Structures are given as C-alpha cells and as structure tokens.
file entry.csv (CSV, C-alpha atoms and all ligand atoms)
chain,number,residue,atom,x,y,z
V,178,MET,CA,-10.3,5.8,-18.0
V,179,VAL,CA,-7.8,3.2,-17.5
V,180,ALA,CA,-5.3,2.5,-14.9
V,181,GLY,CA,-2.3,0.4,-15.5
V,182,GLY,CA,-3.0,0.2,-19.2
V,183,ALA,CA,-6.1,-1.9,-18.9
V,184,SER,CA,-9.7,-0.9,-18.4
V,185,HIS,CA,-11.2,-1.5,-15.0
V,186,ARG,CA,-14.8,-2.6,-15.0
V,187,LYS,CA,-16.6,-0.2,-12.7
V,188,MET,CA,-19.0,-1.9,-10.4
V,189,HIS,CA,-20.0,0.9,-8.1
V,190,THR,CA,-22.6,-0.2,-5.7
V,191,MET,CA,-23.9,2.0,-2.9
V,192,ILE,CA,-25.0,0.3,0.3
V,193,ILE,CA,-26.8,2.2,2.9
V,194,SER,CA,-27.6,-0.1,5.8
V,195,SER,CA,-29.3,0.7,8.9
V,196,ALA,CA,-28.1,-1.8,11.4
V,197,PRO,CA,-28.2,-1.6,15.1
V,198,GLU,CA,-25.4,0.5,16.4
V,199,GLY,CA,-22.3,-1.4,16.6
V,200,ARG,CA,-20.5,-2.0,19.8
V,201,TRP,CA,-17.1,-0.5,20.2
V,202,ASN,CA,-14.7,-2.5,18.2
V,203,SER,CA,-13.4,-0.5,15.3
V,204,VAL,CA,-11.4,1.8,17.5
V,205,ALA,CA,-9.0,0.0,19.6
V,206,PRO,CA,-9.7,0.5,23.2
V,207,SER,CA,-6.7,1.6,25.2
V,208,GLY,CA,-4.6,-0.5,27.6
V,209,ALA,CA,-6.1,-3.7,28.9
V,210,GLN,CA,-9.4,-2.9,27.3
V,211,ARG,CA,-7.8,-3.5,23.9
V,212,GLU,CA,-7.3,-7.1,24.7
V,213,ASP,CA,-9.9,-9.6,23.6
V,214,ALA,CA,-12.2,-6.9,22.2
V,215,VAL,CA,-14.4,-9.5,20.6
V,216,ALA,CA,-17.3,-7.2,19.8
V,217,CYS,CA,-17.8,-6.9,16.1
V,218,ARG,CA,-18.9,-4.2,13.9
V,219,PRO,CA,-22.4,-5.0,12.9
V,220,VAL,CA,-21.5,-5.7,9.4
V,221,ALA,CA,-18.2,-6.8,7.9
V,222,CYS,CA,-16.3,-3.7,8.2
V,223,ALA,CA,-14.3,-2.3,5.4
V,224,THR,CA,-10.9,-0.8,5.7
V,225,GLY,CA,-9.9,1.6,3.1
V,226,TYR,CA,-6.6,2.1,1.4
V,227,ARG,CA,-5.4,4.8,-0.7
V,228,ALA,CA,-2.1,5.3,-2.4
V,229,SER,CA,-0.5,7.8,-4.6
V,230,ALA,CA,2.8,8.4,-5.9
V,231,LEU,CA,5.2,11.2,-6.2
V,232,PRO,CA,7.5,11.0,-9.2
V,233,GLY,CA,10.2,12.9,-7.4
V,234,LEU,CA,10.2,10.3,-4.6
V,235,LEU,CA,10.6,7.3,-6.8
V,236,LYS,CA,13.1,5.0,-5.2
V,237,PRO,CA,15.8,3.4,-7.2
V,238,ALA,CA,14.2,0.0,-6.7
V,239,ASN,CA,11.1,1.4,-8.4
V,240,ALA,CA,13.0,3.3,-11.1
V,241,THR,CA,14.8,0.2,-12.1
V,242,ARG,CA,11.7,-1.9,-12.4
V,243,CYS,CA,11.4,-2.3,-16.2
V,244,ALA,CA,9.7,-4.9,-18.2
V,245,SER,CA,12.7,-5.3,-20.5
V,246,ASN,CA,15.1,-5.5,-17.6
V,247,GLN,CA,16.7,-2.3,-18.8
V,248,THR,CA,17.9,-1.4,-15.4
V,249,PRO,CA,20.2,1.5,-15.1
V,250,ALA,CA,22.8,-0.7,-13.5
V,251,ALA,CA,22.5,-3.3,-16.3
V,252,ILE,CA,22.7,-0.5,-18.9
V,253,ALA,CA,25.7,1.0,-17.3
V,254,LYS,CA,27.4,-2.4,-17.1
V,255,ARG,CA,26.7,-3.0,-20.7
V,256,THR,CA,27.9,0.4,-21.7
V,257,ARG,CA,31.1,-0.1,-19.8
V,258,ALA,CA,31.7,-3.4,-21.5
V,259,ALA,CA,30.9,-1.9,-24.9
V,260,THR,CA,33.4,0.9,-24.2
V,261,VAL,CA,36.1,-1.5,-23.3
V,262,GLN,CA,35.4,-3.5,-26.4
V,263,GLY,CA,35.7,-0.3,-28.4
V,264,ASN,CA,39.0,0.5,-26.9
V,265,ILE,CA,40.3,-2.9,-27.8
V,266,THR,CA,39.2,-2.4,-31.4
V,267,LEU,CA,41.0,0.9,-31.4
V,268,SER,CA,44.2,-0.5,-30.0
V,269,HIS,CA,44.5,-3.7,-32.0
V,270,ALA,CA,42.4,-3.1,-35.1
V,271,SER,CA,40.7,-6.0,-36.9
V,272,PRO,CA,42.6,-8.9,-38.5
V,273,GLU,CA,41.5,-7.6,-41.8
V,274,THR,CA,43.1,-4.3,-41.1
V,275,ARG,CA,46.4,-5.9,-40.0
V,276,ARG,CA,46.5,-7.9,-43.2
V,277,SER,CA,46.1,-4.8,-45.3
V,278,SER,CA,48.9,-3.0,-46.9
V,279,PRO,CA,50.1,0.1,-45.2
V,280,LEU,CA,48.9,1.9,-48.4
V,281,ASP,CA,45.4,0.7,-47.6
V,282,THR,CA,45.5,2.1,-44.1
V,283,PRO,CA,42.6,4.3,-43.5
V,284,PRO,CA,43.3,8.0,-43.0
V,285,ARG,CA,44.6,8.8,-39.6
V,286,GLY,CA,41.9,9.1,-37.0
V,287,THR,CA,39.3,7.0,-38.8
V,288,TYR,CA,39.4,4.3,-36.2
V,289,ALA,CA,39.2,6.8,-33.4
V,290,ARG,CA,36.2,8.5,-35.1
V,291,ALA,CA,34.5,5.2,-35.7
V,292,THR,CA,35.0,4.1,-32.2
V,293,MET,CA,33.9,7.4,-30.8
V,294,LYS,CA,30.8,7.2,-33.0
V,295,THR,CA,30.1,3.7,-31.7
V,296,ILE,CA,30.6,4.8,-28.1
V,297,LEU,CA,28.3,7.8,-28.6
V,298,GLN,CA,25.7,5.6,-30.2
V,299,MET,CA,25.9,3.2,-27.3
V,300,LEU,CA,25.7,6.0,-24.8
V,301,LEU,CA,22.7,7.5,-26.6
V,302,GLY,CA,21.0,4.2,-26.7
V,303,ALA,CA,21.7,3.6,-23.0
V,304,ALA,CA,20.3,7.1,-22.2
V,305,LEU,CA,17.1,6.4,-24.3
V,306,ALA,CA,16.7,3.0,-22.7
V,307,MET,CA,17.0,4.5,-19.2
V,308,LEU,CA,14.5,7.2,-20.2
V,309,GLY,CA,12.1,4.5,-21.4
V,310,CYS,CA,12.7,2.5,-18.3
V,311,ALA,CA,11.9,5.5,-16.1
V,312,GLN,CA,8.7,6.0,-18.0
V,313,ALA,CA,7.7,2.4,-17.7
V,314,ALA,CA,8.4,2.4,-14.0
V,315,GLU,CA,6.1,5.3,-13.3
V,316,PRO,CA,3.3,3.8,-11.2
V,317,VAL,CA,-0.2,4.7,-12.5
V,318,GLY,CA,-2.5,6.7,-10.4
V,319,GLN,CA,0.0,8.7,-8.4
V,320,ALA,CA,-0.8,12.2,-7.0
V,321,ASP,CA,-0.9,15.1,-9.4
V,322,THR,CA,1.7,17.2,-7.7
V,323,THR,CA,0.4,20.4,-9.4
V,324,LYS,CA,-2.6,20.0,-7.1
V,325,TRP,CA,-1.2,18.2,-4.1
V,326,LYS,CA,1.6,19.0,-1.7
V,327,LEU,CA,3.3,16.1,0.1
V,328,VAL,CA,3.1,16.6,3.9
V,329,TRP,CA,3.9,13.1,5.3
V,330,ALA,CA,5.2,9.9,3.9
V,331,ASP,CA,6.9,6.6,4.7
V,332,GLU,CA,8.8,5.3,1.7
V,333,PHE,CA,10.2,2.4,3.7
V,334,ASP,CA,13.7,3.0,2.5
V,335,TYR,CA,15.3,1.7,5.6
V,336,THR,CA,15.7,-1.7,7.3
V,337,GLY,CA,14.2,-3.2,10.5
V,338,LEU,CA,11.1,-2.3,12.4
V,339,PRO,CA,8.7,0.4,11.1
V,340,ASP,CA,9.8,3.9,12.0
V,341,PRO,CA,8.6,4.5,15.6
V,342,LYS,CA,8.3,8.2,14.9
V,343,LYS,CA,5.6,7.5,12.3
V,344,TRP,CA,3.9,4.3,13.5
V,345,ASP,CA,2.5,2.8,16.6
V,346,TYR,CA,0.9,-0.6,16.9
V,347,GLU,CA,-2.4,-2.1,17.7
V,348,GLU,CA,-1.8,-5.0,20.0
V,349,GLY,CA,-3.7,-8.2,20.9
V,350,PHE,CA,-7.0,-9.4,19.8
V,351,VAL,CA,-8.4,-6.1,18.7
V,352,ARG,CA,-11.7,-6.4,16.8
V,353,ASN,CA,-14.2,-8.6,15.0
V,354,ASN,CA,-13.2,-11.8,16.9
V,355,GLU,CA,-10.4,-12.1,14.3
V,356,PRO,CA,-8.1,-15.1,14.9
V,357,GLN,CA,-4.8,-13.2,14.6
V,358,TYR,CA,-2.9,-11.8,17.6
V,359,TYR,CA,-1.5,-8.4,16.6
V,360,THR,CA,2.1,-8.2,17.9
V,361,ARG,CA,4.1,-5.1,18.8
V,362,GLY,CA,7.6,-4.5,17.5
V,363,ARG,CA,8.1,-8.1,16.2
V,364,LEU,CA,10.0,-8.4,13.0
V,365,GLU,CA,8.3,-11.6,12.0
V,366,ASN,CA,5.0,-9.7,11.6
V,367,ALA,CA,6.2,-6.1,10.6
V,368,ARG,CA,9.5,-5.3,9.1
V,369,VAL,CA,11.0,-3.0,6.5
V,370,GLU,CA,13.3,-4.5,3.9
V,371,ASN,CA,14.1,-3.9,0.2
V,372,GLY,CA,12.3,-0.6,0.1
V,373,THR,CA,9.0,-2.1,1.4
V,374,LEU,CA,7.1,-2.6,4.6
V,375,ILE,CA,6.1,-6.2,4.9
V,376,LEU,CA,3.1,-7.0,7.1
V,377,GLU,CA,3.2,-10.8,7.5
V,378,ALA,CA,0.5,-13.1,8.9
V,379,ARG,CA,1.9,-16.3,10.3
V,380,LYS,CA,0.4,-19.5,11.4
V,381,GLU,CA,2.0,-20.2,14.7
V,382,PRO,CA,1.0,-20.8,18.3
V,383,PHE,CA,1.3,-17.5,20.2
V,384,LYS,CA,0.6,-17.2,23.9
V,385,ASN,CA,-1.4,-14.2,24.9
V,386,PRO,CA,0.8,-12.3,27.3
V,387,ARG,CA,-2.2,-10.5,28.7
V,388,PHE,CA,-4.2,-13.6,29.5
V,389,LYS,CA,-5.5,-13.8,33.1
V,390,PRO,CA,-7.7,-16.7,34.0
V,391,GLY,CA,-11.3,-15.7,34.7
V,392,LEU,CA,-10.9,-12.2,33.2
V,393,THR,CA,-13.5,-11.4,30.6
V,394,LYS,CA,-13.9,-8.8,28.1
V,395,GLN,CA,-17.5,-7.5,27.4
V,396,GLY,CA,-18.8,-10.7,28.9
V,397,LYS,CA,-16.6,-13.0,26.9
V,398,PRO,CA,-13.6,-15.0,28.1
V,399,GLN,CA,-10.2,-14.0,27.0
V,400,ARG,CA,-8.3,-16.2,24.6
V,401,GLU,CA,-5.2,-17.7,26.2
V,402,SER,CA,-3.4,-18.1,22.9
V,403,ALA,CA,-3.7,-17.5,19.2
V,404,ASP,CA,-3.1,-19.8,16.2
V,405,TYR,CA,-2.0,-16.9,14.0
V,406,THR,CA,0.0,-13.7,14.4
V,407,ALA,CA,0.0,-10.5,12.3
V,408,ALA,CA,0.5,-6.8,12.7
V,409,SER,CA,-1.6,-3.6,12.6
V,410,LEU,CA,0.3,-0.2,12.3
V,411,ILE,CA,-1.4,3.1,13.2
V,412,THR,CA,-0.4,6.8,13.1
V,413,GLN,CA,-2.5,7.4,16.2
V,414,ASN,CA,-0.6,9.7,18.6
V,415,ARG,CA,1.9,10.4,15.8
V,416,ALA,CA,-0.1,12.1,13.1
V,417,THR,CA,-3.7,12.9,12.1
V,418,TRP,CA,-5.1,14.7,9.2
V,419,ARG,CA,-8.3,16.5,8.2
V,420,TYR,CA,-8.8,16.4,4.4
V,421,GLY,CA,-6.1,15.8,1.9
V,422,ARG,CA,-5.0,12.9,-0.2
V,423,MET,CA,-3.9,9.6,1.3
V,424,GLU,CA,-2.2,7.2,-0.9
V,425,LEU,CA,-0.9,3.6,-0.7
V,426,ARG,CA,1.1,1.5,-3.2
V,427,ALA,CA,1.0,-2.1,-2.3
V,428,LYS,CA,0.7,-5.8,-3.2
V,429,LEU,CA,-2.1,-7.6,-1.5
V,430,PRO,CA,-1.9,-11.1,-0.1
V,431,GLN,CA,-3.8,-13.7,-2.2
V,432,GLY,CA,-4.4,-16.4,0.4
V,433,GLU,CA,-8.0,-17.3,1.2
V,434,GLY,CA,-9.1,-15.6,4.5
V,435,THR,CA,-6.6,-12.8,4.4
V,436,TRP,CA,-8.0,-9.3,4.8
V,437,PRO,CA,-5.5,-6.4,4.3
V,438,ALA,CA,-6.7,-2.9,4.7
V,439,PHE,CA,-5.7,0.8,4.5
V,440,TRP,CA,-8.1,3.0,6.4
V,441,THR,CA,-8.7,5.8,8.9
V,442,LEU,CA,-10.6,6.3,12.1
V,443,GLY,CA,-11.6,9.6,13.7
V,444,SER,CA,-9.1,10.4,16.4
V,445,ASN,CA,-11.8,11.4,18.9
V,446,HIS,CA,-12.5,8.0,20.4
V,447,SER,CA,-14.7,9.4,23.1
V,448,THR,CA,-17.6,9.3,20.8
V,449,GLY,CA,-17.2,5.5,20.2
V,450,TRP,CA,-17.7,3.7,17.0
V,451,PRO,CA,-19.1,4.4,14.5
V,452,ALA,CA,-19.7,8.0,15.6
V,453,CYS,CA,-16.0,8.6,15.4
V,454,GLY,CA,-16.2,7.9,11.6
V,455,GLU,CA,-14.3,5.4,9.6
V,456,ILE,CA,-12.9,5.7,6.0
V,457,ASP,CA,-11.9,2.4,4.4
V,458,ILE,CA,-9.7,3.6,1.6
V,459,MET,CA,-8.8,0.1,0.5
V,460,GLU,CA,-10.2,-3.1,1.8
V,461,TYR,CA,-9.7,-6.5,0.3
V,462,TRP,CA,-10.9,-9.9,1.0
V,463,ALA,CA,-8.7,-12.4,-0.8
V,464,ARG,CA,-11.7,-14.7,-1.3
V,465,LYS,CA,-12.7,-12.3,-4.0
V,466,LEU,CA,-9.4,-12.1,-5.8
V,467,HIS,CA,-10.3,-9.2,-8.2
V,468,GLU,CA,-12.6,-7.1,-6.1
V,469,MET,CA,-11.4,-4.2,-3.9
V,470,THR,CA,-13.7,-2.1,-1.8
V,471,SER,CA,-13.9,1.3,-0.2
V,472,THR,CA,-16.4,2.1,2.5
V,473,VAL,CA,-17.4,5.0,4.8
V,474,HIS,CA,-18.9,4.1,8.2
V,475,TRP,CA,-20.7,6.7,10.3
V,476,ARG,CA,-23.6,7.2,12.7
V,477,LYS,CA,-26.9,8.6,11.6
V,478,ASP,CA,-29.8,9.1,14.0
V,479,GLY,CA,-28.1,6.9,16.4
V,480,LYS,CA,-27.6,4.0,14.0
V,481,HIS,CA,-24.7,2.7,12.0
V,482,GLN,CA,-24.6,3.6,8.4
V,483,GLN,CA,-22.2,2.7,5.6
V,484,ASP,CA,-21.7,3.5,2.0
V,485,SER,CA,-19.5,1.2,-0.1
V,486,GLY,CA,-18.0,1.2,-3.5
V,487,LYS,CA,-16.6,-1.8,-5.2
V,488,LEU,CA,-14.2,-2.1,-8.1
V,489,ASN,CA,-13.4,-5.2,-10.2
V,490,VAL,CA,-9.8,-5.1,-11.1
V,491,PRO,CA,-8.9,-7.6,-13.9
V,492,GLU,CA,-5.2,-7.5,-13.1
V,493,SER,CA,-3.9,-9.4,-10.1
V,494,LEU,CA,-4.1,-7.4,-6.9
V,495,GLY,CA,-1.1,-9.5,-5.8
V,496,GLU,CA,0.9,-7.1,-7.9
V,497,TYR,CA,1.5,-3.4,-7.2
V,498,HIS,CA,-1.5,-1.1,-7.4
V,499,VAL,CA,-2.1,2.5,-6.2
V,500,TYR,CA,-5.0,3.1,-3.9
V,501,ALA,CA,-6.1,6.7,-3.0
V,502,LEU,CA,-8.6,8.8,-1.1
V,503,GLU,CA,-9.1,12.5,-2.0
V,504,TRP,CA,-11.0,14.1,0.8
V,505,ASN,CA,-12.2,17.7,1.1
V,506,ALA,CA,-15.0,19.6,2.8
V,507,GLU,CA,-17.4,18.6,0.0
V,508,ARG,CA,-16.7,14.9,-0.6
V,509,MET,CA,-14.5,11.9,-0.5
V,510,ASP,CA,-13.4,10.3,-3.8
V,511,PHE,CA,-11.8,6.8,-3.9
V,512,PHE,CA,-9.4,5.7,-6.6
V,513,CYS,CA,-7.6,2.6,-7.7
V,514,ASP,CA,-4.7,3.3,-10.1
V,515,GLY,CA,-6.2,6.7,-10.8
V,516,ASN,CA,-9.6,5.3,-11.6
V,517,LYS,CA,-12.2,7.0,-9.5
V,518,TYR,CA,-14.9,4.5,-8.7
V,519,HIS,CA,-16.6,5.8,-5.5
V,520,THR,CA,-17.7,9.2,-4.2
V,521,VAL,CA,-19.3,10.1,-0.9
V,522,PRO,CA,-20.6,13.6,-0.2
V,523,LEU,CA,-19.8,14.9,3.3
V,524,ALA,CA,-23.2,16.5,3.7
V,525,LYS,CA,-24.7,13.0,3.7
V,526,LEU,CA,-22.6,12.2,6.8
V,527,ASP,CA,-24.0,14.9,9.0
V,528,GLU,CA,-25.3,13.7,12.4
V,529,GLN,CA,-27.3,16.2,14.3
V,530,GLY,CA,-25.2,19.2,13.3
V,531,ASP,CA,-22.0,17.2,13.8
V,532,ASN,CA,-19.8,15.4,11.2
V,533,ALA,CA,-17.0,13.0,12.0
V,534,PHE,CA,-15.5,13.6,8.6
V,535,ARG,CA,-14.8,17.3,9.2
V,536,LYS,CA,-12.4,16.3,12.0
V,537,PRO,CA,-9.0,14.7,12.1
V,538,HIS,CA,-8.4,11.1,11.4
V,539,TYR,CA,-5.4,8.8,11.8
V,540,ILE,CA,-4.3,6.0,9.4
V,541,LEU,CA,-4.4,2.3,10.0
V,542,LEU,CA,-2.5,-0.3,7.9
V,543,ASN,CA,-3.2,-3.8,8.9
V,544,LEU,CA,-3.3,-7.4,7.8
V,545,ALA,CA,-6.2,-9.2,9.4
V,546,LEU,CA,-7.7,-12.7,9.0
V,547,GLU,CA,-11.3,-13.5,8.7
V,548,SER,CA,-12.8,-15.2,11.7
V,549,ARG,CA,-15.4,-17.2,9.9
V,550,ASN,CA,-13.7,-18.3,6.8
V,551,LYS,CA,-13.4,-22.1,6.9
V,552,LYS,CA,-11.0,-22.1,4.0
V,553,LEU,CA,-8.5,-20.2,6.1
V,554,ALA,CA,-7.3,-23.5,7.6
V,555,ALA,CA,-6.1,-24.6,4.2
V,556,THR,CA,-4.3,-21.4,3.3
V,557,VAL,CA,-0.5,-21.6,3.1
V,558,PHE,CA,1.3,-19.3,5.5
V,559,PRO,CA,3.0,-16.9,5.8
V,560,GLN,CA,1.0,-14.4,3.9
V,561,GLN,CA,2.4,-10.9,3.1
V,562,PHE,CA,0.9,-7.5,2.6
V,563,VAL,CA,3.8,-5.7,0.8
V,564,VAL,CA,3.7,-1.9,1.0
V,565,ASP,CA,5.9,0.3,-1.2
V,566,TYR,CA,4.9,3.5,0.4
V,567,VAL,CA,2.2,5.5,2.3
V,568,ARG,CA,1.9,9.2,1.4
V,569,VAL,CA,-0.3,12.0,2.6
V,570,TYR,CA,-0.8,15.2,0.7
V,571,GLU,CA,-2.6,18.5,1.4
V,572,ALA,CA,-4.4,20.4,-1.4
V,573,LYS,CA,-2.3,23.2,-2.8
D,601,CA,CA,9.3,2.1,-1.0
call {"tool": "encode", "arguments": {"input": "entry.csv", "output": "structure tokens", "more": "lines below"}}
Ligand SMILES: [Ca+2]
result
Amino acid sequence: MVAGGASHRKMHTMIISSAPEGRWNSVAPSGAQREDAVACRPVACATGYRASALPGLLKPANATRCASNQTPAAIAKRTRAATVQGNITLSHASPETRRSSPLDTPPRGTYARATMKTILQMLLGAALAMLGCAQAAEPVGQADTTKWKLVWADEFDYTGLPDPKKWDYEEGFVRNNEPQYYTRGRLENARVENGTLILEARKEPFKNPRFKPGLTKQGKPQRESADYTAASLITQNRATWRYGRMELRAKLPQGEGTWPAFWTLGSNHSTGWPACGEIDIMEYWARKLHEMTSTVHWRKDGKHQQDSGKLNVPESLGEYHVYALEWNAERMDFFCDGNKYHTVPLAKLDEQGDNAFRKPHYILLNLALESRNKKLAATVFPQQFVVDYVRVYEAK
C-alpha cells in the first residue's frame, strides 16, 4: 500500500550479523564517563524513528498546510472581502440599475436575496475549501486512534528550549567517535519554534568544557575541542515505555554526512550495550537520500546481533514523513507513512531466558554526523532535523 499517495518500493533486507560484542557506546555513560566515549558500536549503528499522528492534535500550522494555499485565514479573509463587496452592491446597486426607470426596478428584496445568495454561496464554498484543506493536511501514516491511546507527546507548540519535563540531553562526545559535540540547553542546537523542534548541526569551533590535559577515556585521549556542534535529546529519567506505538513526524537533513535518528535504548544500563537492547525506529544517512532504515540491536550468546529493514522512499525525505514503531509482546513492526516494511519477532531476541525488549526503553532523538565521511567537509551548514511531533501510544 502506499503512503503519501505514491508507492514505496519495498526493499526489506534482513541482516543478522555476528560481530564481536561491542564496547559500551550506544548508551551514554553517566557523568564524566560520557565524555569522549570514543568506542564504537561494532557496526554502523542504526537509530530508529517512528512517528504517528493524531488527527485531534493537528496543529493549526498543520491544518493550514494546503497545496492550493486554501488556508483558513486566507479563506476567511476572502470571505470577509466578498461580504463587504456584496454589501456595497446592495447599497449602491449597479450603474445599469441606477439608469433604469423606476418602473424597471426589481421587486423589493431582490437585491437583498441575490446578495444573501451570493454570500451563502461564498460561505459554502469557503466551508468546502476548508474541509478539503483539512483533508489534504492530514499526514499519512498517523496512528489509528481506534486501536491506540495517546499517553505521551510533545507537539512542540511552544517557543524556546525543549520542554525540560519531557527531555534531557546527552552531552559531549558520546559515541562512535562522531565529530559533533552534543550541547546542553543551547538554542543554537536545539530549539522549539513555529510548532517544530529544530535540532541543528553547526560547523563552528567549540571548546570542550570537560577537557583535562592527560585525561583519557578508554585508553584514548580526550578531544580538546570540536569542529561541529549538535544536540541529542533523550527521555531518560523522564519517561520510559514497554510496548506501544512510538511515532515521529519530521523532515530529515539532506547534507552529506548528516545522520539523524529516532530510536530507543533499554533503560537498564547496568547490562551494557547491546544487552540493554536498541530499537532504531528511523535512522537516516543523508548520503543515501532516498533510503531510510530501522534496526534492532541485541545480544545473543554473548555477541552483538542486529536485524535491519530498509525502505526506498521515492519522495524527498527532506519533506515531512511519518515514522512509526508498533511494539507488543509478539513483535516489532516498523512503518514509514503507514507502509510496514520491517518486522522483528520478539522471540528471536531472547537471550538465555532474558529479553531486553520485554523491558522499558526510553526515546532518543538526535542529529549526529558521520565520523568517516570525507564529503562532510564540503557540506553546507547549518543542517536541520525538523520535528513536527513525537507521540507515544498504548494499545487500547
Ligand atoms: Ca508540531
């Protein structure tokens, strides 16, 4: 089936790799340990994104998005203008009417009825246009609210820093030897405006405030400064969920080397990664402009395993799309614009009687940069990951 009115070519591939167990890097270590965590996941790690929509929560900004520019405000403005014009007609009549003989004067009330008819027609037209606009503005792939109950959301309908009651930050050089420094509470890198969250990667010198000469992390020296800044938001210590539907509506950056993601990690960090479990609901490398990926990472027999699905999306991923995970005790299903392209059964993820995906996870929303992409240097910055909303549902 089709999302967004166009068919998505399904390119589901399943990858089961058996790589040496990765060192801790997917889960941000706490405190100073977070800094300069240069260990990488053994394979390029995916971060998943999911998104859904709730018609009742459509923001005016969304509701007014219409291909024909039939915004309610514009319609109301035109309707008001038409009404005024109608009144003028009623008051002054047309030149032809004024030239007519009093004997030719239409029966009393004709002008009023004609004008009222015109106004009613205009109002009806405006109402139909608004209805059509609302239908056109309905994002494809939103949650079926007959099946799902909204339990948590950030619609980003405020201004300034992300809501601290919902989001915390990863800070520093967190994983994969990525070039960006994740900042905390810095509007340049994470801000809410115009109904959206903007995660912005910037090319700028940034001094590492935690740098101490001689201090190493896992045997590697700290970095004294970064050439790039960005942000990573997490719901850790704010909210976690086991099962449900996690949904994201977002525009992805298109600059080579950018790597936005919407994903989860098991909140039990004591097990390390990948034993804690990772669900990459949406992960995107902009070097592949039409391919988005979802991946599950887990530990099996002491080794890292992963299962990925890929979807080729003909439309630009720089425009809004809806990414979603539906997760229950049986399986995880991954969607883009309502198109299910990847499924992972939970039974496959059992590890010696344990299963990281039957336990709570928290959400991460970040804009990373690739460490080994040589074309990154030519990318024009800033680059933005624009998020309309994040919603979490429980099954009804
Ligand atoms: Ca929004």
call {"tool": "closest_atom_pairs", "arguments": {"input": "entry.csv", "of": "chain V", "to": "ligand CA 601 (chain D)", "cutoff": "7 Å", "atoms": "only C-alpha atoms and all ligand atoms", "output": "Markdown table"}}
result
| residue | atom | partner | partner_atom | distance |
| --- | --- | --- | --- | --- |
| V:Lys236 | CA | D:CA601 | CA | 6.4 |
| V:Glu332 | CA | D:CA601 | CA | 4.2 |
| V:Phe333 | CA | D:CA601 | CA | 4.8 |
| V:Asp334 | CA | D:CA601 | CA | 5.7 |
| V:Gly372 | CA | D:CA601 | CA | 4.2 |
| V:Thr373 | CA | D:CA601 | CA | 4.8 |
| V:Asp565 | CA | D:CA601 | CA | 3.9 |
| V:Tyr566 | CA | D:CA601 | CA | 4.8 |
call {"tool": "write_last_selection", "arguments": {"input": "entry.csv", "atoms": "C-alpha atoms", "output": "PDB file, in the frame of the given file"}}
result
ATOM      1  CA  LYS V 236      13.100   5.000  -5.200  1.00  0.00           C
ATOM      2  CA  GLU V 332       8.800   5.300   1.700  1.00  0.00           C
ATOM      3  CA  PHE V 333      10.200   2.400   3.700  1.00  0.00           C
ATOM      4  CA  ASP V 334      13.700   3.000   2.500  1.00  0.00           C
ATOM      5  CA  GLY V 372      12.300  -0.600   0.100  1.00  0.00           C
ATOM      6  CA  THR V 373       9.000  -2.100   1.400  1.00  0.00           C
ATOM      7  CA  ASP V 565       5.900   0.300  -1.200  1.00  0.00           C
ATOM      8  CA  TYR V 566       4.900   3.500   0.400  1.00  0.00           C
TER       9      TYR V 566
END
call {"tool": "atom_distance", "arguments": {"input": "entry.csv", "atom1": "CA of His474 in chain V", "atom2": "CA of Trp344 in chain V"}}
result
23.4 Å
call {"tool": "residues_around", "arguments": {"input": "entry.csv", "residues": "Trp504 in chain V", "least_positions_apart": "2", "cutoff": "12 Å", "atoms": "all atoms listed in the file", "output": "mmCIF file with C-alpha atoms, keeping the file's coordinate frame"}}
result
data_model
loop_
_atom_site.group_PDB
_atom_site.id
_atom_site.type_symbol
_atom_site.label_atom_id
_atom_site.label_comp_id
_atom_site.auth_asym_id
_atom_site.auth_seq_id
_atom_site.Cartn_x
_atom_site.Cartn_y
_atom_site.Cartn_z
ATOM 1 C CA ARG V 227 -5.400 4.800 -0.700
ATOM 2 C CA TRP V 325 -1.200 18.200 -4.100
ATOM 3 C CA TRP V 418 -5.100 14.700 9.200
ATOM 4 C CA ARG V 419 -8.300 16.500 8.200
ATOM 5 C CA TYR V 420 -8.800 16.400 4.400
ATOM 6 C CA GLY V 421 -6.100 15.800 1.900
ATOM 7 C CA ARG V 422 -5.000 12.900 -0.200
ATOM 8 C CA MET V 423 -3.900 9.600 1.300
ATOM 9 C CA GLU V 424 -2.200 7.200 -0.900
ATOM 10 C CA THR V 441 -8.700 5.800 8.900
ATOM 11 C CA ILE V 456 -12.900 5.700 6.000
ATOM 12 C CA ILE V 458 -9.700 3.600 1.600
ATOM 13 C CA VAL V 473 -17.400 5.000 4.800
ATOM 14 C CA ALA V 501 -6.100 6.700 -3.000
ATOM 15 C CA LEU V 502 -8.600 8.800 -1.100
ATOM 16 C CA ALA V 506 -15.000 19.600 2.800
ATOM 17 C CA GLU V 507 -17.400 18.600 0.000
ATOM 18 C CA ARG V 508 -16.700 14.900 -0.600
ATOM 19 C CA MET V 509 -14.500 11.900 -0.500
ATOM 20 C CA ASP V 510 -13.400 10.300 -3.800
ATOM 21 C CA PHE V 511 -11.800 6.800 -3.900
ATOM 22 C CA PHE V 512 -9.400 5.700 -6.600
ATOM 23 C CA HIS V 519 -16.600 5.800 -5.500
ATOM 24 C CA THR V 520 -17.700 9.200 -4.200
ATOM 25 C CA VAL V 521 -19.300 10.100 -0.900
ATOM 26 C CA PRO V 522 -20.600 13.600 -0.200
ATOM 27 C CA LEU V 523 -19.800 14.900 3.300
ATOM 28 C CA PHE V 534 -15.500 13.600 8.600
ATOM 29 C CA ARG V 535 -14.800 17.300 9.200
ATOM 30 C CA LYS V 536 -12.400 16.300 12.000
ATOM 31 C CA PRO V 537 -9.000 14.700 12.100
ATOM 32 C CA HIS V 538 -8.400 11.100 11.400
ATOM 33 C CA VAL V 569 -0.300 12.000 2.600
ATOM 34 C CA TYR V 570 -0.800 15.200 0.700
ATOM 35 C CA GLU V 571 -2.600 18.500 1.400
ATOM 36 C CA ALA V 572 -4.400 20.400 -1.400
#
call {"tool": "atom_distance", "arguments": {"input": "entry.csv", "atom1": "CA of Glu503 in chain V", "atom2": "CA of Asp321 in chain V"}}
result
11.3 Å
call {"tool": "atom_distance", "arguments": {"input": "entry.csv", "atom1": "CA of Gln319 in chain V", "atom2": "CA of Gly515 in chain V"}}
result
6.9 Å
call {"tool": "decode", "arguments": {"input": "entry.csv", "residues": "range 481-488 of chain V", "atoms": "N, CA and C atoms", "output": "tab-separated table (two decimals), in the first residue's frame"}}
result
chain	number	residue	atom	x	y	z
V	481	HIS	N	26.99	-9.45	19.69
V	481	HIS	CA	26.08	-8.45	19.12
V	481	HIS	C	25.35	-9.02	17.90
V	482	GLN	N	24.06	-8.78	17.87
V	482	GLN	CA	23.24	-9.17	16.73
V	482	GLN	C	22.46	-7.95	16.27
V	483	GLN	N	22.11	-7.94	14.99
V	483	GLN	CA	21.24	-6.88	14.52
V	483	GLN	C	20.36	-7.37	13.39
V	484	ASP	N	19.23	-6.76	13.28
V	484	ASP	CA	18.25	-7.11	12.25
V	484	ASP	C	17.74	-5.79	11.67
V	485	SER	N	18.02	-5.55	10.38
V	485	SER	CA	17.69	-4.26	9.77
V	485	SER	C	16.66	-4.40	8.66
V	486	GLY	N	15.86	-3.39	8.50
V	486	GLY	CA	14.98	-3.27	7.35
V	486	GLY	C	15.28	-1.95	6.67
V	487	LYS	N	15.22	-1.97	5.36
V	487	LYS	CA	15.47	-0.73	4.61
V	487	LYS	C	14.29	-0.44	3.71
V	488	LEU	N	14.02	0.82	3.53
V	488	LEU	CA	12.91	1.22	2.66
V	488	LEU	C	13.40	2.32	1.72
